[in-house]
$ cat structure-v8.txt   # compact mmCIF, C-alpha atoms
# COMPACT_ATOMS: atom_id res chain seq x y z
CA MET K 1 -58.92 -116.02 -27.32
CA GLN K 2 -58.19 -112.42 -26.59
CA PRO K 3 -61.01 -110.36 -25.12
CA ARG K 4 -61.00 -108.15 -28.18
CA LEU K 5 -61.44 -111.11 -30.57
CA THR K 6 -64.14 -112.64 -28.38
CA THR K 7 -66.02 -109.37 -28.26
CA THR K 8 -65.75 -108.92 -32.02
CA ILE K 9 -67.00 -112.44 -32.72
CA SER K 10 -69.89 -112.00 -30.29
CA ILE K 11 -71.01 -108.72 -31.82
CA LEU K 12 -70.71 -110.01 -35.38
CA SER K 13 -72.73 -113.08 -34.39
CA LEU K 14 -75.34 -110.85 -32.81
CA SER K 15 -75.53 -108.78 -35.99
CA THR K 16 -75.93 -111.92 -38.10
CA VAL K 17 -78.76 -113.29 -35.98
CA THR K 18 -80.83 -110.11 -36.36
CA GLY K 19 -81.82 -111.15 -39.90
CA ILE K 20 -83.17 -114.52 -38.77
CA THR K 21 -86.83 -113.55 -39.12
CA THR K 22 -86.69 -113.42 -42.92
CA VAL K 23 -84.71 -116.64 -43.49
CA ILE K 24 -87.96 -118.59 -43.74
CA THR K 25 -88.91 -116.73 -46.94
CA GLY K 26 -86.93 -119.18 -49.06
CA ILE K 27 -88.91 -122.20 -47.91
CA ILE K 28 -92.43 -120.87 -48.42
CA PRO K 29 -93.01 -123.26 -51.38
CA GLN K 30 -92.05 -126.24 -49.18
CA LEU K 31 -94.32 -124.97 -46.42
CA LYS K 32 -97.20 -124.79 -48.90
CA ARG K 33 -96.64 -128.45 -49.72
CA ALA K 34 -96.25 -129.43 -46.06
CA PHE K 35 -99.45 -127.61 -45.06
CA PRO K 36 -101.81 -128.00 -48.04
CA THR K 37 -104.90 -127.08 -46.01
CA VAL K 38 -103.42 -123.80 -44.76
CA PRO K 39 -104.10 -120.78 -47.01
CA THR K 40 -101.04 -119.36 -48.77
CA THR K 41 -101.51 -115.94 -47.22
CA LEU K 42 -101.40 -117.46 -43.73
CA ILE K 43 -98.18 -119.30 -44.59
CA GLU K 44 -96.68 -116.04 -45.82
CA TRP K 45 -97.65 -114.49 -42.48
CA LEU K 46 -94.96 -116.67 -40.90
CA VAL K 47 -92.47 -114.08 -42.16
CA THR K 48 -94.61 -111.05 -41.46
CA ILE K 49 -95.68 -111.97 -37.93
CA ALA K 50 -92.08 -112.23 -36.76
CA ASN K 51 -91.31 -108.77 -38.11
CA CYS K 52 -94.48 -107.29 -36.60
CA SER K 53 -93.76 -108.74 -33.17
CA ALA K 54 -90.16 -107.54 -33.39
CA LEU K 55 -91.55 -104.05 -33.89
CA ILE K 56 -93.37 -104.31 -30.55
CA THR K 57 -90.22 -105.04 -28.58
CA LEU K 58 -88.22 -102.55 -30.64
CA LEU K 59 -90.62 -99.84 -29.50
CA LEU K 60 -90.50 -101.02 -25.88
CA ASN K 61 -86.74 -101.58 -25.93
CA PRO K 62 -85.58 -98.23 -24.53
CA ARG K 63 -87.88 -98.58 -21.53
CA LEU K 64 -86.93 -102.24 -20.96
CA THR K 65 -83.22 -101.49 -21.25
CA SER K 66 -83.37 -98.58 -18.83
CA ARG K 67 -85.25 -100.73 -16.32
CA TRP K 68 -83.23 -103.98 -16.50
CA GLY K 69 -80.01 -103.01 -18.27
CA LEU K 70 -78.44 -103.80 -21.61
CA ARG K 71 -76.91 -107.17 -20.86
CA PRO K 72 -80.04 -108.86 -19.43
CA ILE K 73 -82.15 -107.56 -22.33
CA VAL K 74 -79.71 -108.79 -24.99
CA ILE K 75 -79.28 -112.18 -23.30
CA SER K 76 -83.05 -112.56 -22.81
CA GLY K 77 -83.66 -111.71 -26.46
CA LEU K 78 -81.10 -114.25 -27.61
CA LEU K 79 -82.55 -116.97 -25.35
CA ILE K 80 -86.13 -116.27 -26.44
CA SER K 81 -85.05 -116.29 -30.08
CA ALA K 82 -83.13 -119.54 -29.67
CA ILE K 83 -86.01 -121.34 -27.98
CA MET K 84 -88.65 -120.02 -30.36
CA GLY K 85 -86.42 -120.73 -33.34
CA LEU K 86 -86.06 -124.38 -32.32
CA ILE K 87 -89.76 -125.07 -31.80
CA PRO K 88 -90.59 -125.52 -35.52
CA ALA K 89 -87.92 -128.24 -35.69
CA ILE K 90 -89.84 -130.37 -33.20
CA THR K 91 -93.46 -129.83 -34.25
CA THR K 92 -95.65 -130.12 -37.32
CA ASN K 93 -98.53 -128.10 -35.89
CA PHE K 94 -98.94 -124.94 -37.96
CA THR K 95 -100.48 -122.96 -35.09
CA VAL K 96 -97.55 -123.77 -32.81
CA ILE K 97 -95.14 -122.76 -35.57
CA MET K 98 -97.00 -119.46 -36.02
CA VAL K 99 -96.86 -118.73 -32.28
CA SER K 100 -93.16 -119.60 -32.21
CA ARG K 101 -92.52 -117.14 -35.04
CA LEU K 102 -94.33 -114.49 -33.01
CA GLY K 103 -92.05 -115.26 -30.07
CA LEU K 104 -89.00 -115.28 -32.32
CA GLY K 105 -89.79 -111.75 -33.42
CA LEU K 106 -90.22 -110.62 -29.82
CA GLY K 107 -86.78 -111.99 -28.99
CA VAL K 108 -85.13 -110.43 -32.04
CA GLY K 109 -86.67 -107.08 -31.16
CA LEU K 110 -84.99 -107.24 -27.77
CA PHE K 111 -81.43 -107.61 -29.01
CA SER K 112 -81.30 -106.26 -32.56
CA PRO K 113 -81.17 -102.52 -31.78
CA HIS K 114 -78.17 -103.13 -29.56
CA ALA K 115 -75.95 -104.83 -32.13
CA ILE K 116 -74.74 -101.58 -33.69
CA SER K 117 -74.46 -99.74 -30.37
CA LEU K 118 -72.42 -102.62 -28.89
CA LEU K 119 -70.08 -102.47 -31.88
CA THR K 120 -69.63 -98.72 -31.42
CA HIS K 121 -69.15 -99.10 -27.68
CA SER K 122 -66.57 -101.88 -28.00
CA SER K 123 -64.60 -100.03 -30.68
CA GLN K 124 -64.28 -97.06 -28.31
CA LEU K 125 -62.94 -99.32 -25.56
CA TYR K 126 -60.01 -100.45 -27.69
CA ARG K 127 -58.83 -97.07 -28.92
$ encode --input "structure-v8.txt" --output "structure tokens"
Amino acid sequence: MQPRLTTTISILSLSTVTGITTVITGIIPQLKRAFPTVPTTLIEWLVTIANCSALITLLLNPRLTSRWGLRPIVISGLLISAIMGLIPAITTNFTVIMVSRLGLGLGVGLFSPHAISLLTHSSQLYR
């Protein structure tokens, strides 16, 4: 693959992953059946908590990026998101799933603001 194609695919993938926190919305009815003792509002918080925790790292992102650099922050965010996104696949404990969604949001907040800036930066390199 050419560097330009690799870069484009990477950035588009990064942009796609930023919406991962809301994907769970479509399975809320199945979650209600899987966790009948958990209140519906708490199940719906699985979506909200990821977005709230993403907001935390979005606000801290400029400081974190200036301290450690863009690449380590983006890679860390992707790794945290990947690990936290896999946890619900291996557990049936609602509390663990809720904590993993919190961590997922933290990871997404680390890399999502950089998707657009990386696209802009890479397009300037190839002019």
$ residues_around --input "structure-v8.txt" --residues "range 87-96 of chain K" --least-positions-apart "2" --cutoff "12 Å" --atoms "only C-alpha atoms" --output "list in words"
Ile24, Leu31, Lys32, Ala34, Phe35, Pro36, Thr37, Val38, Pro39, Leu42, Ile43, Trp45, Leu46, Ile80, Ser81, Ala82, Ile83, Met84, Gly85, Met98, Val99, Ser100, Arg101, Leu102, Gly103 and Leu104 of chain K
$ atom_distance --input "structure-v8.txt" --atom1 "CA of Ile49 in chain K" --atom2 "CA of Thr25 in chain K"
12.2 Å
$ atom_distance --input "structure-v8.txt" --atom1 "CA of Ile73 in chain K" --atom2 "CA of Ser13 in chain K"
16.3 Å
$ atom_distance --input "structure-v8.txt" --atom1 "CA of Asn51 in chain K" --atom2 "CA of Ile28 in chain K"
15.9 Å
$ residues_around --input "structure-v8.txt" --residues "range 56-66 of chain K" --least-positions-apart "3" --cutoff "8 Å" --atoms "all atoms listed in the file" --output "PyMOL selection string"
chain K and resi 52-53+69-70+73+106-107+109-110+113
